[in-house]
file entry_20.cif (mmCIF, C-alpha atoms)
data_start
loop_
_atom_site.label_atom_id
_atom_site.label_comp_id
_atom_site.auth_asym_id
_atom_site.auth_seq_id
_atom_site.Cartn_x
_atom_site.Cartn_y
_atom_site.Cartn_z
CA MET A 1 -18.81 64.65 92.60
CA PRO A 2 -19.30 66.62 95.84
CA SER A 3 -21.05 69.97 95.56
CA VAL A 4 -19.19 73.24 95.10
CA THR A 5 -20.06 74.15 98.71
CA VAL A 6 -18.44 70.98 100.01
CA LYS A 7 -15.34 71.57 97.90
CA LEU A 8 -14.94 75.15 99.14
CA TYR A 9 -15.55 74.13 102.74
CA SER A 10 -13.01 71.34 102.38
CA VAL A 11 -10.32 73.83 101.35
CA LEU A 12 -11.04 76.01 104.39
CA PHE A 13 -11.32 73.00 106.70
CA LYS A 14 -7.96 71.58 105.63
CA PHE A 15 -6.28 74.97 105.98
CA LEU A 16 -7.54 75.42 109.55
CA LEU A 17 -6.86 71.78 110.45
CA LYS A 18 -3.26 72.01 109.22
CA ARG A 19 -2.67 75.08 111.40
CA LYS A 20 -4.21 73.31 114.40
CA LEU A 21 -2.10 70.20 113.93
CA GLN A 22 1.11 72.22 113.53
CA ALA A 23 0.30 74.22 116.66
CA LEU A 24 -0.24 71.00 118.61
CA VAL A 25 3.06 69.59 117.34
CA GLU A 26 4.89 72.70 118.52
CA SER A 27 3.17 72.77 121.90
CA ASN A 28 4.25 69.19 122.69
CA ASP A 29 2.22 69.37 125.89
CA GLY A 30 1.45 66.34 128.02
CA ALA A 31 -0.86 65.82 130.98
CA ASN A 32 -2.30 62.67 132.50
CA TYR A 33 -5.51 64.49 133.39
CA GLY A 34 -5.92 65.51 129.75
CA VAL A 35 -8.41 67.58 127.79
CA VAL A 36 -11.62 66.39 126.11
CA SER A 37 -12.36 69.42 123.90
CA ARG A 38 -10.60 72.40 122.31
CA PRO A 39 -11.37 76.10 122.98
CA ASP A 40 -12.18 76.69 119.30
CA GLU A 41 -14.96 74.07 119.28
CA THR A 42 -18.61 75.18 119.35
CA ILE A 43 -20.17 73.61 122.44
CA ALA A 44 -23.85 72.74 122.87
CA ALA A 45 -25.15 73.20 126.41
CA ALA A 46 -26.74 70.22 128.11
CA ASN A 47 -30.51 70.41 128.67
CA PRO A 48 -31.87 67.83 131.16
CA SER A 49 -35.49 68.63 130.25
CA PHE A 50 -37.00 67.33 127.03
CA SER A 51 -36.40 69.96 124.36
CA ASP A 52 -38.33 70.60 121.16
CA ASP A 53 -36.85 67.52 119.49
CA GLY A 54 -37.87 65.31 122.41
CA VAL A 55 -34.36 64.51 123.66
CA ALA A 56 -33.01 65.39 127.12
CA THR A 57 -29.26 65.57 127.80
CA LYS A 58 -26.98 65.67 130.80
CA ASP A 59 -23.20 65.72 131.32
CA LEU A 60 -21.27 63.50 133.74
CA HIS A 61 -17.65 63.38 134.87
CA ILE A 62 -17.03 59.78 135.90
CA ASP A 63 -13.28 59.58 136.60
CA PRO A 64 -11.73 61.80 139.29
CA LEU A 65 -8.22 61.05 138.01
CA THR A 66 -8.78 62.17 134.40
CA SER A 67 -10.96 64.50 132.35
CA LEU A 68 -13.05 61.59 131.01
CA SER A 69 -16.65 62.75 130.66
CA LEU A 70 -19.98 61.63 129.19
CA ARG A 71 -23.09 63.17 127.70
CA ILE A 72 -26.28 61.09 127.98
CA PHE A 73 -29.06 61.52 125.40
CA LEU A 74 -32.49 60.30 126.51
CA PRO A 75 -35.43 60.34 124.04
CA ASP A 76 -38.90 61.07 125.42
CA SER A 77 -40.06 57.67 124.14
CA ALA A 78 -38.42 56.32 127.32
CA ILE A 79 -41.53 57.51 129.18
CA ILE A 80 -44.53 55.24 128.66
CA SER A 81 -47.15 57.86 129.39
CA PRO A 82 -46.45 61.28 130.94
CA GLU A 83 -50.11 61.53 131.99
CA SER A 84 -50.05 58.28 133.99
CA VAL A 85 -47.96 59.72 136.83
CA PRO A 86 -49.14 62.96 138.49
CA ASN A 87 -46.72 65.89 138.39
CA LEU A 88 -44.17 64.06 136.27
CA ARG A 89 -43.58 67.34 134.49
CA VAL A 90 -45.22 70.60 135.54
CA ARG A 91 -44.86 74.12 134.25
CA LEU A 92 -43.55 76.62 136.78
CA PRO A 93 -44.99 80.12 136.59
CA SER A 94 -41.55 81.72 136.44
CA SER A 95 -40.31 79.63 133.53
CA LYS A 96 -41.52 78.39 130.18
CA SER A 97 -39.42 75.24 130.47
CA LEU A 98 -40.80 71.99 131.80
CA LYS A 99 -39.72 71.16 135.33
CA LYS A 100 -39.71 68.04 137.45
CA VAL A 101 -40.89 68.31 141.02
CA SER A 102 -38.87 65.98 143.22
CA ASP A 103 -40.30 64.01 146.14
CA SER A 104 -38.95 66.60 148.55
CA GLY A 105 -40.89 69.34 146.78
CA VAL A 106 -37.79 71.10 145.42
CA ALA A 107 -38.02 72.17 141.78
CA TYR A 108 -35.45 70.49 139.53
CA GLY A 109 -34.83 71.85 136.05
CA GLY A 110 -34.83 68.49 134.33
CA TYR A 111 -36.37 65.07 134.01
CA LEU A 112 -36.26 62.61 136.92
CA PRO A 113 -37.60 59.04 136.42
CA GLU A 114 -40.64 57.96 138.36
CA ARG A 115 -39.34 56.38 141.57
CA LYS A 116 -40.94 52.94 141.21
CA GLY A 117 -40.19 52.76 137.51
CA ARG A 118 -43.79 52.01 136.54
CA ASN A 119 -43.74 54.70 133.85
CA CYS A 120 -40.30 53.86 132.46
CA ARG A 121 -39.40 51.97 129.29
CA LYS A 122 -36.12 50.11 129.04
CA LEU A 123 -34.19 51.18 125.95
CA PRO A 124 -31.00 49.87 124.33
CA VAL A 125 -27.77 51.71 125.13
CA ILE A 126 -25.59 53.06 122.31
CA LEU A 127 -22.03 53.90 123.33
CA GLN A 128 -20.86 56.61 120.92
CA PHE A 129 -17.28 57.74 120.23
CA HIS A 130 -16.86 61.01 118.30
CA GLY A 131 -14.37 61.73 115.53
CA GLY A 132 -11.72 64.41 115.20
CA GLY A 133 -8.47 62.70 114.25
CA TRP A 134 -7.56 62.00 117.90
CA VAL A 135 -6.87 65.70 118.53
CA SER A 136 -10.25 67.46 118.35
CA GLY A 137 -13.99 66.97 118.69
CA GLY A 138 -15.88 66.17 121.88
CA SER A 139 -19.01 64.58 123.30
CA ASP A 140 -20.56 68.03 123.82
CA THR A 141 -19.68 69.79 120.56
CA ALA A 142 -22.61 71.21 118.60
CA ALA A 143 -22.11 68.78 115.70
CA ASN A 144 -21.84 65.70 117.91
CA ASP A 145 -24.79 66.84 120.01
CA THR A 146 -26.99 67.15 116.90
CA PHE A 147 -25.86 63.79 115.53
CA CYS A 148 -26.43 61.94 118.83
CA ARG A 149 -29.88 63.49 119.22
CA ARG A 150 -30.76 62.22 115.77
CA VAL A 151 -29.48 58.72 116.59
CA ALA A 152 -31.33 58.63 119.94
CA LYS A 153 -34.62 59.43 118.21
CA SER A 154 -34.21 57.26 115.12
CA CYS A 155 -32.92 54.22 117.03
CA ASP A 156 -35.18 54.75 120.07
CA ALA A 157 -32.20 54.29 122.37
CA VAL A 158 -30.22 55.92 125.16
CA VAL A 159 -27.03 57.33 123.63
CA VAL A 160 -23.97 57.71 125.85
CA ALA A 161 -21.42 59.92 124.06
CA VAL A 162 -17.89 59.50 125.40
CA GLY A 163 -15.64 62.52 125.89
CA TYR A 164 -12.34 60.65 125.79
CA ARG A 165 -8.97 62.32 126.33
CA LEU A 166 -7.42 63.93 123.27
CA ALA A 167 -3.89 63.81 121.88
CA PRO A 168 -1.19 65.03 122.13
CA GLU A 169 -1.89 65.82 125.80
CA SER A 170 -2.93 62.18 126.25
CA ARG A 171 -1.40 59.85 123.70
CA TYR A 172 -2.13 56.19 123.00
CA PRO A 173 -3.55 54.24 124.80
CA ALA A 174 -5.45 56.95 126.75
CA ALA A 175 -8.48 57.10 124.41
CA PHE A 176 -8.78 53.31 124.37
CA GLU A 177 -8.43 53.11 128.15
CA ASP A 178 -11.22 55.68 128.48
CA GLY A 179 -13.47 53.54 126.31
CA VAL A 180 -12.82 50.51 128.52
CA LYS A 181 -13.51 52.59 131.64
CA VAL A 182 -16.87 53.71 130.29
CA LEU A 183 -17.91 50.17 129.35
CA ASN A 184 -17.00 48.94 132.83
CA TRP A 185 -18.75 51.96 134.35
CA LEU A 186 -21.93 51.02 132.48
CA GLY A 187 -21.69 47.52 133.92
CA LYS A 188 -21.17 48.92 137.41
CA GLN A 189 -24.16 51.22 136.97
CA ALA A 190 -26.36 48.30 135.94
CA ASN A 191 -25.33 46.34 139.03
CA LEU A 192 -25.78 49.33 141.33
CA ALA A 193 -29.22 49.95 139.85
CA GLU A 194 -30.22 46.37 140.59
CA CYS A 195 -28.97 46.66 144.17
CA ASP A 196 -30.83 49.95 144.53
CA ARG A 197 -34.01 48.34 143.20
CA LEU A 198 -33.76 45.44 145.62
CA SER A 199 -33.25 47.78 148.57
CA GLY A 200 -35.82 50.28 147.32
CA ASN A 201 -38.66 48.75 149.30
CA ARG A 202 -36.78 49.21 152.55
CA ARG A 203 -36.85 52.55 154.30
CA ILE A 204 -34.89 54.12 157.12
CA GLY A 205 -37.44 54.28 159.95
CA GLY A 206 -41.11 55.01 159.32
CA GLU A 207 -43.76 52.34 158.77
CA GLY A 208 -42.73 48.75 158.26
CA GLY A 209 -39.86 48.91 160.69
CA GLY A 210 -36.45 50.39 160.13
CA VAL A 211 -33.43 51.82 161.76
CA GLY A 212 -34.08 53.75 164.95
CA GLY A 213 -37.48 55.36 164.37
CA GLY A 214 -36.35 57.50 161.49
CA ASP A 215 -38.28 59.60 159.07
CA GLY A 216 -39.18 56.96 156.50
CA ARG A 217 -36.67 58.07 153.87
CA ARG A 218 -35.79 55.69 151.08
CA ARG A 219 -32.42 53.93 151.28
CA GLN A 220 -29.89 55.01 148.68
CA ILE A 221 -26.43 53.84 147.61
CA VAL A 222 -24.14 56.82 148.18
CA ASP A 223 -20.44 57.57 147.94
CA GLY A 224 -18.20 59.01 150.64
CA PHE A 225 -19.60 62.49 150.07
CA GLY A 226 -23.21 61.40 150.41
CA SER A 227 -23.99 61.66 146.69
CA SER A 228 -26.00 58.93 144.99
CA MET A 229 -23.80 56.53 143.02
CA VAL A 230 -26.69 55.41 140.81
CA GLU A 231 -27.22 57.38 137.59
CA PRO A 232 -31.05 57.68 137.52
CA TRP A 233 -31.58 57.88 133.75
CA LEU A 234 -29.55 54.74 133.06
CA ALA A 235 -31.02 52.92 136.07
CA ALA A 236 -34.58 53.60 134.94
CA HIS A 237 -34.22 53.40 131.16
CA GLY A 238 -30.98 51.63 130.16
CA ASP A 239 -30.99 47.99 129.07
CA PRO A 240 -27.36 46.82 129.37
CA SER A 241 -28.12 43.54 127.59
CA ARG A 242 -28.66 45.52 124.36
CA CYS A 243 -25.48 47.58 124.03
CA VAL A 244 -24.25 48.86 120.66
CA LEU A 245 -20.92 50.55 119.93
CA LEU A 246 -20.97 53.42 117.44
CA GLY A 247 -17.72 55.05 116.36
CA VAL A 248 -17.12 57.99 114.02
CA SER A 249 -13.76 58.24 112.18
CA CYS A 250 -11.08 57.69 114.87
CA GLY A 251 -13.96 56.93 117.23
CA ALA A 252 -14.61 53.85 115.08
CA ASN A 253 -11.10 52.64 115.94
CA ILE A 254 -11.98 52.97 119.63
CA ALA A 255 -15.32 51.20 119.13
CA ASN A 256 -13.62 48.30 117.35
CA TYR A 257 -11.09 48.02 120.17
CA ILE A 258 -13.87 48.01 122.78
CA ALA A 259 -15.65 45.29 120.80
CA GLN A 260 -12.52 43.15 121.03
CA TYR A 261 -12.24 43.92 124.73
CA SER A 262 -15.85 42.85 125.30
CA VAL A 263 -15.15 39.52 123.58
CA GLU A 264 -12.11 38.92 125.79
CA ALA A 265 -13.93 39.97 128.97
CA GLY A 266 -16.91 37.73 128.28
CA LYS A 267 -19.13 37.20 131.31
CA LEU A 268 -16.95 39.49 133.42
CA LEU A 269 -18.89 42.35 131.82
CA ASP A 270 -22.29 41.01 132.91
CA PRO A 271 -24.92 42.34 132.58
CA ILE A 272 -23.39 44.34 129.69
CA ARG A 273 -23.70 42.56 126.36
CA VAL A 274 -22.32 44.15 123.18
CA VAL A 275 -24.70 42.99 120.45
CA ALA A 276 -23.40 45.02 117.48
CA GLN A 277 -21.13 47.84 116.37
CA VAL A 278 -21.32 50.57 113.74
CA LEU A 279 -18.08 51.89 112.21
CA MET A 280 -18.55 55.17 110.35
CA TYR A 281 -15.71 55.87 107.91
CA PRO A 282 -13.12 54.38 110.31
CA PHE A 283 -9.68 55.99 110.65
CA PHE A 284 -7.90 52.80 109.57
CA ILE A 285 -4.42 52.88 108.06
CA GLY A 286 -1.58 50.50 107.16
CA SER A 287 1.92 50.36 105.76
CA THR A 288 0.88 48.80 102.43
CA PRO A 289 -1.17 51.42 100.54
CA THR A 290 -4.57 50.46 99.21
CA ARG A 291 -5.91 51.69 95.87
CA SER A 292 -7.96 54.46 97.48
CA GLU A 293 -5.01 55.58 99.60
CA ILE A 294 -3.11 56.19 96.36
CA THR A 295 -5.81 57.66 94.11
CA LEU A 296 -7.59 59.69 96.81
CA ARG A 297 -4.64 60.67 98.97
CA ASN A 298 -5.43 64.37 98.41
CA SER A 299 -9.16 63.92 98.89
CA TYR A 300 -11.59 66.26 100.64
CA ILE A 301 -11.69 67.16 104.37
CA TYR A 302 -8.93 64.81 105.61
CA ASP A 303 -6.11 64.10 103.17
CA LYS A 304 -3.51 61.45 103.90
CA SER A 305 -0.66 63.80 104.82
CA MET A 306 -2.72 65.44 107.59
CA ALA A 307 -3.97 62.07 108.80
CA LEU A 308 -0.36 60.91 109.16
CA LEU A 309 0.40 64.02 111.20
CA ALA A 310 -2.58 63.25 113.45
CA TRP A 311 -1.32 59.70 113.94
CA LYS A 312 2.11 61.05 114.92
CA LEU A 313 0.40 63.19 117.56
CA PHE A 314 -1.54 60.18 118.85
CA LEU A 315 1.25 57.58 118.90
CA SER A 316 4.52 58.19 120.70
CA GLU A 317 7.76 58.04 118.69
CA GLU A 318 8.54 54.54 119.93
CA ASP A 319 5.00 53.32 119.14
CA PHE A 320 4.63 54.98 115.73
CA ASN A 321 3.95 52.34 113.11
CA LEU A 322 1.35 52.43 110.34
CA ASP A 323 0.49 48.81 111.16
CA HIS A 324 -0.04 49.59 114.82
CA PRO A 325 -3.06 47.61 116.18
CA SER A 326 -4.89 50.87 116.89
CA GLY A 327 -4.80 51.77 113.20
CA ASN A 328 -4.75 48.49 111.26
CA PRO A 329 -7.61 46.16 112.26
CA LEU A 330 -6.13 43.33 110.20
CA ASN A 331 -2.83 43.41 112.07
CA LEU A 332 -1.66 39.82 112.41
CA ALA A 333 -0.85 40.46 116.06
CA ARG A 334 -4.53 40.92 116.99
CA GLU A 335 -5.49 38.74 119.95
CA VAL A 336 -9.22 38.25 119.22
CA PRO A 337 -10.07 36.13 116.15
CA LEU A 338 -12.38 37.89 113.71
CA LYS A 339 -15.04 35.17 113.98
CA TYR A 340 -15.80 36.28 117.56
CA MET A 341 -16.43 39.92 116.66
CA PRO A 342 -20.00 41.25 116.98
CA PRO A 343 -22.11 42.08 113.90
CA THR A 344 -20.50 45.12 112.27
CA LEU A 345 -22.04 47.74 110.00
CA THR A 346 -19.43 49.78 108.09
CA ILE A 347 -20.19 53.19 106.57
CA VAL A 348 -17.88 54.48 103.81
CA ALA A 349 -17.81 57.58 101.62
CA GLU A 350 -17.03 57.58 97.90
CA HIS A 351 -14.38 60.32 98.11
CA ASP A 352 -12.60 59.15 101.25
CA TRP A 353 -9.07 57.80 100.91
CA MET A 354 -9.62 55.49 103.94
CA ARG A 355 -12.55 53.64 102.34
CA ASP A 356 -10.73 50.61 100.88
CA ARG A 357 -9.22 49.48 104.18
CA ALA A 358 -12.60 49.71 105.91
CA ILE A 359 -14.17 47.66 103.11
CA ALA A 360 -11.36 45.09 103.35
CA TYR A 361 -11.96 44.71 107.08
CA SER A 362 -15.65 44.15 106.46
CA GLU A 363 -14.88 41.54 103.80
CA GLU A 364 -12.65 39.63 106.23
CA LEU A 365 -15.45 39.64 108.82
CA ARG A 366 -17.91 38.22 106.29
CA LYS A 367 -15.45 35.45 105.40
CA VAL A 368 -15.82 34.12 108.96
CA ASN A 369 -19.63 34.46 108.89
CA VAL A 370 -19.95 37.72 110.81
CA ASP A 371 -22.86 39.90 109.71
CA ALA A 372 -20.83 42.80 108.29
CA PRO A 373 -22.54 44.80 105.54
CA VAL A 374 -20.99 47.89 103.94
CA LEU A 375 -23.04 50.98 103.07
CA ASP A 376 -21.23 53.03 100.42
CA TYR A 377 -22.61 56.55 99.92
CA LYS A 378 -22.05 58.17 96.53
CA ASP A 379 -20.73 61.73 96.11
CA THR A 380 -19.82 61.92 99.80
CA VAL A 381 -16.69 62.80 101.75
CA HIS A 382 -15.16 61.77 105.07
CA GLU A 383 -17.48 62.68 107.99
CA PHE A 384 -20.34 63.46 105.57
CA ALA A 385 -22.95 62.45 108.19
CA THR A 386 -21.38 64.03 111.28
CA LEU A 387 -19.62 67.23 110.18
CA ASP A 388 -21.47 70.35 111.33
CA VAL A 389 -22.07 71.89 107.89
CA LEU A 390 -23.20 68.57 106.37
CA LEU A 391 -25.61 67.36 109.06
CA LYS A 392 -28.71 68.59 107.22
CA THR A 393 -27.82 67.11 103.84
CA PRO A 394 -30.01 64.30 102.44
CA GLU A 395 -27.05 61.91 102.61
CA ALA A 396 -26.52 62.58 106.32
CA GLU A 397 -30.19 62.08 107.16
CA ALA A 398 -30.39 58.93 105.05
CA CYS A 399 -27.30 57.54 106.78
CA SER A 400 -28.88 57.92 110.23
CA GLU A 401 -32.04 56.17 109.01
CA ASP A 402 -30.01 53.33 107.47
CA ILE A 403 -28.08 52.85 110.70
CA ALA A 404 -31.35 52.64 112.65
CA ILE A 405 -32.82 50.07 110.25
CA TRP A 406 -29.79 47.79 110.52
CA MET A 407 -29.27 48.29 114.25
CA LYS A 408 -32.86 47.36 115.10
CA LYS A 409 -32.12 43.80 114.01
CA TYR A 410 -30.06 43.47 117.16
CA ILE A 411 -31.67 45.86 119.64
CA SER A 412 -35.34 45.14 118.99
CA LEU A 413 -37.01 42.94 121.60
CA ARG A 414 -39.00 41.30 118.83
CA GLY A 415 -35.92 40.05 117.01
CA TYR A 416 -34.97 40.29 113.37
CA GLU A 417 -38.08 41.90 111.91
CA LEU A 418 -36.01 44.67 110.29
CA SER A 419 -33.16 43.76 107.99
CA TYR A 420 -31.53 44.47 104.66
#
call {"tool": "encode", "arguments": {"input": "entry_20.cif", "output": "structure tokens"}}
result
Amino acid sequence: MPSVTVKLYSVLFKFLLKRKLQALVESNDGANYGVVSRPDETIAAANPSFSDDGVATKDLHIDPLTSLSLRIFLPDSAIISPESVPNLRVRLPSSKSLKKVSDSGVAYGGYLPERKGRNCRKLPVILQFHGGGWVSGGSDTAANDTFCRRVAKSCDAVVVAVGYRLAPESRYPAAFEDGVKVLNWLGKQANLAECDRLSGNRRIGGEGGGVGGGDGRRRQIVDGFGSSMVEPWLAAHGDPSRCVLLGVSCGANIANYIAQYSVEAGKLLDPIRVVAQVLMYPFFIGSTPTRSEITLRNSYIYDKSMALLAWKLFLSEEDFNLDHPSGNPLNLAREVPLKYMPPTLTIVAEHDWMRDRAIAYSEELRKVNVDAPVLDYKDTVHEFATLDVLLKTPEAEACSEDIAIWMKKYISLRGYELSY
């Protein structure tokens, strides 16, 4: 059974969550621009220099028409050798933090990749979707920040956490559309980075010829405001051919949808290639109750009644259906056959009423020869590896390590040397 601390926290969590859901129902607010976090969430500030845990972070807003945002997590293992490039990171007298000195001599308070890329390792890209029952959470919350840092280090990968639009301000399919936008944005970034690399040897003026006797500046791909369109961390360190989707709770529903989208898009996503997905206690539901939905309906953290209320906030009245494709992965109306889905690791908790449907989905994937193991953690509750108060528990730490072990089968350049 869960510890007394978890039980007491669950009571408080459900009380506060019920008040939040009821307040959102009464507000009935709607906005296309949307929100990606709630005022009551604890936010972790981005730090573009490598912190004590060896992970640098930065925030991006990639869609001018919506609030869609990202937080990128870059582990210091992306740098081959800090000593091999002079002044890669220097300590300024006025600050204890590490600074990068740009080519123009202006101090920048964060990491910038070496221009020619000679000191840069290419790492897999993990696209992460947070949980929160469609109505809360965020890419920059303290809990999600800690979890993504842990994943970036353990998996030795660039993690891109997606701050998708929340309900009820932005109902279905807003969150799924945001996931598609980010995947396409990653593909665009990979192509822009390649164009930038090919034009990198050409300069405006200076030696070697150029345009009108200029000052020898390096060509850059810029937008209408003169800002660079190439995200430097992804351009220098991201390997789009090794992309993994990782979803937490309702984020797992988004990840599974994006996996289907990637199958349908095929080569249109080049050079992006989704090689695997990880579904952590997915927010699956259906009209025919499973055994766990009956026996654990009043379970810890998220009980079934509050989950149904969250689904009503996410789906419009005309769309509301417990067998809606966004909630039931085994909906007969699905367009992508299961045999084309990428390898799928499913994480479930013993005391989570949603567990049986996630296990059933994994079983159906295995029937069509998809690598789809299930890791079932004893004495655990929904969000046991990602909830703020549970992040330091042995189960949470073990879960991150298990994910890294399985994932490296598909993201390692040496192949399948790590496996269960």
call {"tool": "resolve_selection", "arguments": {"input": "entry_20.cif", "expression": "the PyMOL selection byres ((chain A and resi 258) around 9)", "output": "list in words"}}
result
Phe176, Gly179, Val180, Leu183, Leu245, Asn253, Ile254, Ala255, Asn256, Tyr257, Ala259, Gln260, Tyr261, Ser262 and Val263 of chain A
call {"tool": "resolve_selection", "arguments": {"input": "entry_20.cif", "expression": "the PyMOL selection byres ((chain A and resi 189) around 9)", "output": "list in words"}}
result
Asn184, Trp185, Leu186, Gly187, Lys188, Ala190, Asn191, Leu192, Ala193, Glu194, Met229, Val230, Glu231, Leu234 and Ala235 of chain A
call {"tool": "closest_residue", "arguments": {"input": "entry_20.cif", "among": "A:Glu383, A:Glu335, A:Glu114, A:Asp270", "to": "A:Val248", "atoms": "only C-alpha atoms"}}
result
A:Glu383
call {"tool": "residues_around", "arguments": {"input": "entry_20.cif", "residues": "stretch 278-281 of chain A", "least_positions_apart": "6", "cutoff": "7 Å", "atoms": "all atoms listed in the file", "output": "count of residues only"}}
result
14
call {"tool": "residues_around", "arguments": {"input": "entry_20.cif", "residues": "stretch 30-45 of chain A", "least_positions_apart": "2", "cutoff": "8 Å", "atoms": "only C-alpha atoms", "output": "ChimeraX atom specification"}}
result
/A:28,47,65-69,136-138,140-142,145,163-166,168-170
call {"tool": "atom_distance", "arguments": {"input": "entry_20.cif", "atom1": "atom CA of A:Ile80", "atom2": "atom CA of A:Arg121"}}
result
6.1 Å
call {"tool": "closest_residue", "arguments": {"input": "entry_20.cif", "among": "A:Thr57, A:Gln22, A:Ser10, A:Asn369", "to": "A:Met306", "atoms": "all atoms listed in the file"}}
result
A:Gln22
call {"tool": "closest_residue", "arguments": {"input": "entry_20.cif", "among": "A:Tyr361, A:Tyr111, A:Tyr9, A:Phe147", "to": "A:Ala396", "atoms": "only C-alpha atoms"}}
result
A:Phe147
call {"tool": "closest_residue", "arguments": {"input": "entry_20.cif", "among": "A:Lys312, A:Pro64, A:Val125, A:Arg149", "to": "A:Asp52", "atoms": "all atoms listed in the file"}}
result
A:Arg149
call {"tool": "atom_distance", "arguments": {"input": "entry_20.cif", "atom1": "atom CA of A:Ala174", "atom2": "atom CA of A:Gly286"}}
result
21.0 Å
call {"tool": "atom_distance", "arguments": {"input": "entry_20.cif", "atom1": "atom CA of A:Ser326", "atom2": "atom CA of A:Val158"}}
result
27.1 Å
call {"tool": "closest_residue", "arguments": {"input": "entry_20.cif", "among": "A:Thr5, A:Lys116, A:Ser81, A:Gly133", "to": "A:Asp196", "atoms": "all atoms listed in the file"}}
result
A:Lys116
call {"tool": "resolve_selection", "arguments": {"input": "entry_20.cif", "expression": "the PyMOL selection byres ((chain A and resi 295-303) around 9)", "output": "ChimeraX atom specification"}}
result
/A:6-7,9-14,17,133,290-294,304-308,351-354,381-383
call {"tool": "residues_near_point", "arguments": {"input": "entry_20.cif", "point": "(-30.3, 49.9, 113.5)", "cutoff": "12 Å", "atoms": "only C-alpha atoms", "output": "PyMOL selection string"}}
result
chain A and resi 124+126+151-157+242-246+275-278+343-345+399-412+415-420
call {"tool": "closest_residue", "arguments": {"input": "entry_20.cif", "among": "A:Leu21, A:Val135, A:Leu313, A:Val159", "to": "A:Pro75", "atoms": "all atoms listed in the file"}}
result
A:Val159
call {"tool": "build_atoms", "arguments": {"input": "entry_20.cif", "residues": "stretch 296-300 of chain A", "atoms": "all heavy atoms", "output": "short mmCIF file (atom, residue, chain, number, x, y, z; two decimals), keeping the file's coordinate frame"}}
result
data_model
loop_
_atom_site.label_atom_id
_atom_site.label_comp_id
_atom_site.auth_asym_id
_atom_site.auth_seq_id
_atom_site.Cartn_x
_atom_site.Cartn_y
_atom_site.Cartn_z
N LEU A 296 -6.85 58.66 96.09
CA LEU A 296 -7.59 59.69 96.81
C LEU A 296 -6.78 60.31 97.94
O LEU A 296 -7.35 60.90 98.87
CB LEU A 296 -8.89 59.10 97.39
CG LEU A 296 -9.90 58.55 96.38
CD1 LEU A 296 -11.04 57.84 97.10
CD2 LEU A 296 -10.45 59.67 95.50
N ARG A 297 -5.48 60.21 97.87
CA ARG A 297 -4.64 60.67 98.97
C ARG A 297 -4.80 62.17 99.25
O ARG A 297 -4.59 62.64 100.37
CB ARG A 297 -3.17 60.33 98.74
CG ARG A 297 -2.56 60.96 97.50
CD ARG A 297 -1.09 60.56 97.32
NE ARG A 297 -0.28 61.04 98.43
CZ ARG A 297 0.40 60.24 99.25
NH1 ARG A 297 0.33 58.93 99.11
NH2 ARG A 297 1.12 60.75 100.22
N ASN A 298 -5.19 62.93 98.24
CA ASN A 298 -5.43 64.37 98.41
C ASN A 298 -6.92 64.71 98.42
O ASN A 298 -7.32 65.79 98.00
CB ASN A 298 -4.72 65.16 97.31
CG ASN A 298 -3.21 65.03 97.38
OD1 ASN A 298 -2.64 65.09 98.47
ND2 ASN A 298 -2.57 64.83 96.24
N SER A 299 -7.71 63.77 98.92
CA SER A 299 -9.16 63.92 98.89
C SER A 299 -9.66 65.01 99.83
O SER A 299 -8.87 65.65 100.54
CB SER A 299 -9.84 62.59 99.22
OG SER A 299 -9.44 62.15 100.51
N TYR A 300 -10.97 65.18 99.89
CA TYR A 300 -11.59 66.26 100.64
C TYR A 300 -11.52 66.03 102.15
O TYR A 300 -11.40 64.91 102.63
CB TYR A 300 -13.05 66.41 100.20
CG TYR A 300 -13.21 66.55 98.71
CD1 TYR A 300 -13.54 65.45 97.93
CD2 TYR A 300 -13.02 67.77 98.07
CE1 TYR A 300 -13.68 65.57 96.55
CE2 TYR A 300 -13.16 67.90 96.70
CZ TYR A 300 -13.48 66.79 95.95
OH TYR A 300 -13.61 66.91 94.59
#
